[in-house]
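Trainee: Pasting a structure here, questions to come.
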Amino acid sequence: MTATNAGPGIDVAVADPGAVTLTLPPLPSMVRVGRLTASSIASLTNMTIDDIDDIKIGISEMITMLIQHGDGSPVTLCFEADDDNFVVEGSTAATRLDVSGNDFALATAVLEAVAETSSVAFNDGRIVIRLMKAVAVGAAER
Amino acid sequence: MSEGEHKKSMEEIGRNESIRVTIDKGAVVAEGDIDLAGGPLLDTAIMRLEASGPVVIDLTAVEFIDSSGLRSLLTASRRAEGRNSVVVLRNPSAGVKRLLSITGTADQFQIEDGDGSLAAGGEK
């Protein structure tokens with residue numbers, strides 16, 4: 001694995017061909033950093049502009065939830081893209097996951113609307129959020 | 001109004017890496033992204049205007065909004081309802097309209113598009 005320090009508290013690593021991991025400090029300003037990174041990676045696929053816009057919304061919801069529900073530990077994002085799918089898994093350490101608030105319901109509703117599949121789970125002291133967006137067939141020809 | 005006079009009428013509430021928020025001619029003007037970082041600045045500006053009348057939020061230069069930004073708008077709408085008033089969203093971009101549509105919250109606002117027409121619930 002190669003790693004690059006891209007700025008204060010930001011680490012970017014290529015775990016294997018096609019996968020990128022990004023570790024962010026749990027700060028509101030980092031939501032934009034994650035969003036722009038996702039947009040850049042998605043633009044390497046055949047995704048349409050509309051689909052990339054959906055990815056940006058989904059990533060924003062993901063990072064916001066991880067910051068708000070995490071214990072203050074860094075947020076890790078793993079991006080994987082191929083010809084068919086764009087998959088992002090985000091996680092952070094947490095003591096619990098409170099799913100009772102309106103904010104959580106709104107964020108998950110948005111996540112579900114912009115992704116083909118999405119999930120939010122709490123396992124072994126980590127909140128794990130996953131979203132998958134299909135790369136539209138024929139998008140490259142548009 | 002000359003450019004100099006216009007600048008005098010504009011009050012900058014704040015800016016950060018996501019957003020710049022000003023109050024100009026009685027409207028909150030947001031430029032950039034309304035997200036976890038941008039929402040609090042927008043809240044500050046909205047609350048400043050609430051004291052003096054209806055809240056108009058100019059979203060012409062908003063490129064992105066997520067649910068944490070939308071919460072700022074919804075909270076303002078609820079407060080406006082309590083004052084028997086409304087929140088007007090001026091020139092929302094396609095991205096803003098899409099999020100309102102996804103969340104089914106367009107009817108919480110009065111939408112004012114580029115031609116100055118008003119519509120409740122985002123319908124024209």
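All residue names refer to the structure tokens as shown: chains lettered A, B, ... in order, residues numbered from 1 in each chain, ligands numbered from 1 in order.
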Which residues are close to stretch 49-61 of chain B, i.e. within 9 Å by only C-alpha atoms, leaving aside same-chain residues fewer than 6 positions away? Reply as a list in words.
Mentor: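 So, after excluding close chain neighbours, the residues are Ile23, Gly26, Ala27, Val28, Val29, Ala30, Glu31, Gly32, Asp33, Leu73, Ala76, Ser77, Arg79, Ala80, Ser85, Val86, Val87, Val88, Leu89, Arg90, Asn91, Pro92, Ser93, Val96 and Gly114 of chain B.
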Trainee: Dump as JSON lines the rows for residues of chain A within 10 Å of chain B: closest atom pair and distance in Å with one decimal, only C-alpha atoms counted, ordered by chain and rising residue number.
Mentor:
```
{"residue": "A:Leu27", "atom": "CA", "partner": "B:Ala37", "partner_atom": "CA", "distance": 8.4}
{"residue": "A:Pro28", "atom": "CA", "partner": "B:Ala37", "partner_atom": "CA", "distance": 4.8}
{"residue": "A:Ser29", "atom": "CA", "partner": "B:Ala37", "partner_atom": "CA", "distance": 5.5}
{"residue": "A:Met30", "atom": "CA", "partner": "B:Ala37", "partner_atom": "CA", "distance": 8.5}
{"residue": "A:Val31", "atom": "CA", "partner": "B:Leu36", "partner_atom": "CA", "distance": 7.2}
{"residue": "A:Arg32", "atom": "CA", "partner": "B:Ser18", "partner_atom": "CA", "distance": 7.1}
{"residue": "A:Val33", "atom": "CA", "partner": "B:Glu17", "partner_atom": "CA", "distance": 9.9}
{"residue": "A:Asp50", "atom": "CA", "partner": "B:Gly95", "partner_atom": "CA", "distance": 9.5}
{"residue": "A:Asp53", "atom": "CA", "partner": "B:Gly95", "partner_atom": "CA", "distance": 8.0}
{"residue": "A:Asp54", "atom": "CA", "partner": "B:Gly95", "partner_atom": "CA", "distance": 9.4}
{"residue": "A:Lys56", "atom": "CA", "partner": "B:Phe64", "partner_atom": "CA", "distance": 8.7}
{"residue": "A:Ile57", "atom": "CA", "partner": "B:Asp66", "partner_atom": "CA", "distance": 6.0}
{"residue": "A:Gly58", "atom": "CA", "partner": "B:Asp66", "partner_atom": "CA", "distance": 8.5}
{"residue": "A:Ile59", "atom": "CA", "partner": "B:Asp66", "partner_atom": "CA", "distance": 9.6}
{"residue": "A:Ser60", "atom": "CA", "partner": "B:Asp66", "partner_atom": "CA", "distance": 6.6}
{"residue": "A:Glu61", "atom": "CA", "partner": "B:Asp66", "partner_atom": "CA", "distance": 6.8}
{"residue": "A:Ile63", "atom": "CA", "partner": "B:Leu36", "partner_atom": "CA", "distance": 9.5}
{"residue": "A:Thr64", "atom": "CA", "partner": "B:Leu36", "partner_atom": "CA", "distance": 6.7}
{"residue": "A:Met65", "atom": "CA", "partner": "B:Ser68", "partner_atom": "CA", "distance": 9.5}
{"residue": "A:Ile67", "atom": "CA", "partner": "B:Leu36", "partner_atom": "CA", "distance": 9.6}
{"residue": "A:Gln68", "atom": "CA", "partner": "B:Leu36", "partner_atom": "CA", "distance": 9.6}
{"residue": "A:Asn102", "atom": "CA", "partner": "B:Arg71", "partner_atom": "CA", "distance": 9.9}
{"residue": "A:Asp103", "atom": "CA", "partner": "B:Ser68", "partner_atom": "CA", "distance": 7.9}
{"residue": "A:Phe104", "atom": "CA", "partner": "B:Ser67", "partner_atom": "CA", "distance": 9.6}
{"residue": "A:Leu106", "atom": "CA", "partner": "B:Ser67", "partner_atom": "CA", "distance": 6.7}
{"residue": "A:Ala107", "atom": "CA", "partner": "B:Ser67", "partner_atom": "CA", "distance": 5.9}
{"residue": "A:Thr108", "atom": "CA", "partner": "B:Ser67", "partner_atom": "CA", "distance": 9.5}
{"residue": "A:Ala109", "atom": "CA", "partner": "B:Thr103", "partner_atom": "CA", "distance": 7.2}
{"residue": "A:Val110", "atom": "CA", "partner": "B:Ile102", "partner_atom": "CA", "distance": 6.6}
{"residue": "A:Leu111", "atom": "CA", "partner": "B:Ser67", "partner_atom": "CA", "distance": 9.6}
{"residue": "A:Glu112", "atom": "CA", "partner": "B:Ile102", "partner_atom": "CA", "distance": 9.7}
{"residue": "A:Ala113", "atom": "CA", "partner": "B:Ile102", "partner_atom": "CA", "distance": 6.6}
{"residue": "A:Val114", "atom": "CA", "partner": "B:Ile102", "partner_atom": "CA", "distance": 8.5}
```
Trainee: As a VMD selection string, which residues of chain A does DSSP assign to strand (DSSP E or B)?
Mentor: chain A and resid 2 to 7 10 to 16 19 to 24 75 to 81 85 to 93 117 to 123 126 to 134
Trainee: Since we have the selection now, will you write its residues out, keeping N, CA and C atoms, as a short mmCIF file (atom, residue, chain, number, x, y, z; two decimals), in the first residue's frame?
Mentor:
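File produced: result32.cif:
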```
data_model
loop_
_atom_site.label_atom_id
_atom_site.label_comp_id
_atom_site.auth_asym_id
_atom_site.auth_seq_id
_atom_site.Cartn_x
_atom_site.Cartn_y
_atom_site.Cartn_z
N THR A 2 0.54 2.21 -0.82
CA THR A 2 1.24 3.47 -0.80
C THR A 2 0.37 4.51 -0.11
N ALA A 3 1.01 5.37 0.65
CA ALA A 3 0.24 6.37 1.38
C ALA A 3 0.79 7.75 1.12
N THR A 4 -0.10 8.72 1.08
CA THR A 4 0.29 10.10 0.86
C THR A 4 -0.39 10.98 1.89
N ASN A 5 0.38 11.87 2.48
CA ASN A 5 -0.21 12.83 3.39
C ASN A 5 -0.66 14.02 2.56
N ALA A 6 -1.98 14.18 2.41
CA ALA A 6 -2.53 15.19 1.51
C ALA A 6 -2.82 16.51 2.21
N GLY A 7 -2.56 16.60 3.49
CA GLY A 7 -2.85 17.82 4.23
C GLY A 7 -2.97 17.50 5.69
N ILE A 10 -5.16 14.51 6.91
CA ILE A 10 -5.78 13.80 5.79
C ILE A 10 -4.76 12.82 5.21
N ASP A 11 -5.14 11.56 5.14
CA ASP A 11 -4.28 10.56 4.54
C ASP A 11 -5.03 9.89 3.40
N VAL A 12 -4.35 9.74 2.30
CA VAL A 12 -4.94 9.05 1.16
C VAL A 12 -4.07 7.85 0.86
N ALA A 13 -4.68 6.70 0.65
CA ALA A 13 -3.89 5.51 0.35
C ALA A 13 -4.56 4.70 -0.74
N VAL A 14 -3.77 4.08 -1.56
CA VAL A 14 -4.30 3.16 -2.56
C VAL A 14 -4.09 1.75 -2.02
N ALA A 15 -5.18 1.10 -1.58
CA ALA A 15 -5.08 -0.21 -0.93
C ALA A 15 -4.82 -1.31 -1.96
N ASP A 16 -5.45 -1.22 -3.09
CA ASP A 16 -5.20 -2.16 -4.17
C ASP A 16 -5.71 -1.48 -5.43
N ALA A 19 -9.03 0.68 -5.67
CA ALA A 19 -9.58 1.09 -4.37
C ALA A 19 -8.77 2.24 -3.81
N VAL A 20 -9.48 3.20 -3.23
CA VAL A 20 -8.83 4.36 -2.61
C VAL A 20 -9.39 4.51 -1.21
N THR A 21 -8.52 4.68 -0.24
CA THR A 21 -9.00 4.97 1.12
C THR A 21 -8.58 6.37 1.51
N LEU A 22 -9.47 7.00 2.27
CA LEU A 22 -9.25 8.38 2.69
C LEU A 22 -9.59 8.47 4.16
N THR A 23 -8.67 8.99 4.94
CA THR A 23 -8.90 9.16 6.38
C THR A 23 -8.98 10.64 6.69
N LEU A 24 -10.08 11.04 7.30
CA LEU A 24 -10.35 12.46 7.53
C LEU A 24 -10.53 12.75 9.01
N VAL A 75 -12.56 9.65 10.48
CA VAL A 75 -13.52 9.01 9.58
C VAL A 75 -12.75 8.39 8.43
N THR A 76 -13.02 7.14 8.17
CA THR A 76 -12.33 6.45 7.07
C THR A 76 -13.32 6.15 5.95
N LEU A 77 -12.92 6.49 4.74
CA LEU A 77 -13.75 6.20 3.56
C LEU A 77 -12.96 5.31 2.62
N CYS A 78 -13.63 4.31 2.08
CA CYS A 78 -12.99 3.45 1.07
C CYS A 78 -13.83 3.48 -0.20
N PHE A 79 -13.22 3.92 -1.28
CA PHE A 79 -13.92 4.04 -2.56
C PHE A 79 -13.46 2.91 -3.49
N GLU A 80 -14.42 2.26 -4.11
CA GLU A 80 -14.09 1.26 -5.13
C GLU A 80 -14.98 1.49 -6.33
N ALA A 81 -14.38 1.58 -7.48
CA ALA A 81 -15.16 1.82 -8.70
C ALA A 81 -14.74 0.83 -9.77
N ASN A 85 -20.19 -0.58 -10.97
CA ASN A 85 -20.64 0.01 -9.70
C ASN A 85 -19.61 0.96 -9.10
N PHE A 86 -20.14 1.89 -8.34
CA PHE A 86 -19.30 2.77 -7.51
C PHE A 86 -19.73 2.49 -6.07
N VAL A 87 -18.79 2.01 -5.28
CA VAL A 87 -19.11 1.61 -3.91
C VAL A 87 -18.26 2.41 -2.93
N VAL A 88 -18.90 2.94 -1.91
CA VAL A 88 -18.18 3.67 -0.87
C VAL A 88 -18.58 3.09 0.47
N GLU A 89 -17.58 2.80 1.29
CA GLU A 89 -17.84 2.36 2.66
C GLU A 89 -17.15 3.33 3.60
N GLY A 90 -17.91 3.91 4.48
CA GLY A 90 -17.37 4.84 5.46
C GLY A 90 -17.54 4.30 6.86
N SER A 91 -16.58 4.58 7.74
CA SER A 91 -16.72 4.10 9.10
C SER A 91 -15.97 5.00 10.07
N THR A 92 -16.38 4.89 11.32
CA THR A 92 -15.67 5.57 12.40
C THR A 92 -15.99 4.87 13.71
N ALA A 93 -15.13 5.07 14.69
CA ALA A 93 -15.37 4.45 16.01
C ALA A 93 -16.51 5.19 16.71
N THR A 117 -28.25 0.88 -3.43
CA THR A 117 -28.38 0.24 -2.12
C THR A 117 -27.57 1.03 -1.11
N SER A 118 -28.04 1.00 0.13
CA SER A 118 -27.29 1.66 1.20
C SER A 118 -27.58 0.95 2.51
N SER A 119 -26.67 1.06 3.44
CA SER A 119 -26.88 0.45 4.75
C SER A 119 -26.13 1.22 5.82
N VAL A 120 -26.69 1.21 7.01
CA VAL A 120 -26.04 1.82 8.17
C VAL A 120 -26.04 0.78 9.28
N ALA A 121 -24.87 0.49 9.82
CA ALA A 121 -24.78 -0.56 10.83
C ALA A 121 -23.82 -0.14 11.93
N PHE A 122 -23.98 -0.78 13.08
CA PHE A 122 -23.06 -0.57 14.20
C PHE A 122 -22.50 -1.94 14.59
N ASN A 123 -21.22 -2.14 14.32
CA ASN A 123 -20.59 -3.43 14.57
C ASN A 123 -19.26 -3.24 15.28
N ARG A 126 -17.86 0.20 15.83
CA ARG A 126 -17.73 1.10 14.68
C ARG A 126 -19.07 1.26 13.97
N ILE A 127 -19.34 2.49 13.56
CA ILE A 127 -20.48 2.73 12.67
C ILE A 127 -19.96 2.54 11.25
N VAL A 128 -20.67 1.73 10.50
CA VAL A 128 -20.27 1.46 9.12
C VAL A 128 -21.43 1.82 8.19
N ILE A 129 -21.17 2.71 7.27
CA ILE A 129 -22.19 3.13 6.30
C ILE A 129 -21.69 2.77 4.91
N ARG A 130 -22.55 2.14 4.14
CA ARG A 130 -22.14 1.67 2.81
C ARG A 130 -23.16 2.14 1.78
N LEU A 131 -22.68 2.61 0.66
CA LEU A 131 -23.60 2.93 -0.42
C LEU A 131 -23.04 2.42 -1.74
N MET A 132 -23.95 2.00 -2.57
CA MET A 132 -23.56 1.52 -3.90
C MET A 132 -24.40 2.26 -4.94
N LYS A 133 -23.73 2.79 -5.94
CA LYS A 133 -24.40 3.45 -7.05
C LYS A 133 -24.00 2.75 -8.33
N ALA A 134 -24.98 2.34 -9.11
CA ALA A 134 -24.68 1.65 -10.37
C ALA A 134 -24.19 2.67 -11.39
#
```
Trainee: Could you tell me how far atom CA of B:Glu63 sits from atom CA of A:Ile49, in Å to one decimal place?
Mentor: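 Computing it gives 13.6 Å between the two atoms.
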Trainee: Mind checking DSSP for chain B and telling me the alpha helix (DSSP H) residues as a ChimeraX atom specification?
Mentor: /B:3-9,39-50,67-82,94-103
Trainee: Can you tell me, as number ranges by chain, what residues are no more than 8 Å from A:Thr95 when counting only C-alpha atoms, ignoring any on the same chain fewer than 6 positions away?
Mentor: A: 70-71, 125-126
Trainee: Would you compute the distance between atom CA of B:Leu100 and atom CA of B:Pro40? Give it in Å to one decimal.
Mentor: 19.3 Å
Trainee: In Å, rounded to a single decimal, give me how far atom CA of B:Ile19 is from atom CA of B:Ala45.
Mentor: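 Going from atom CA of B:Ala45 over to atom CA of B:Ile19, I get 12.2 Å.
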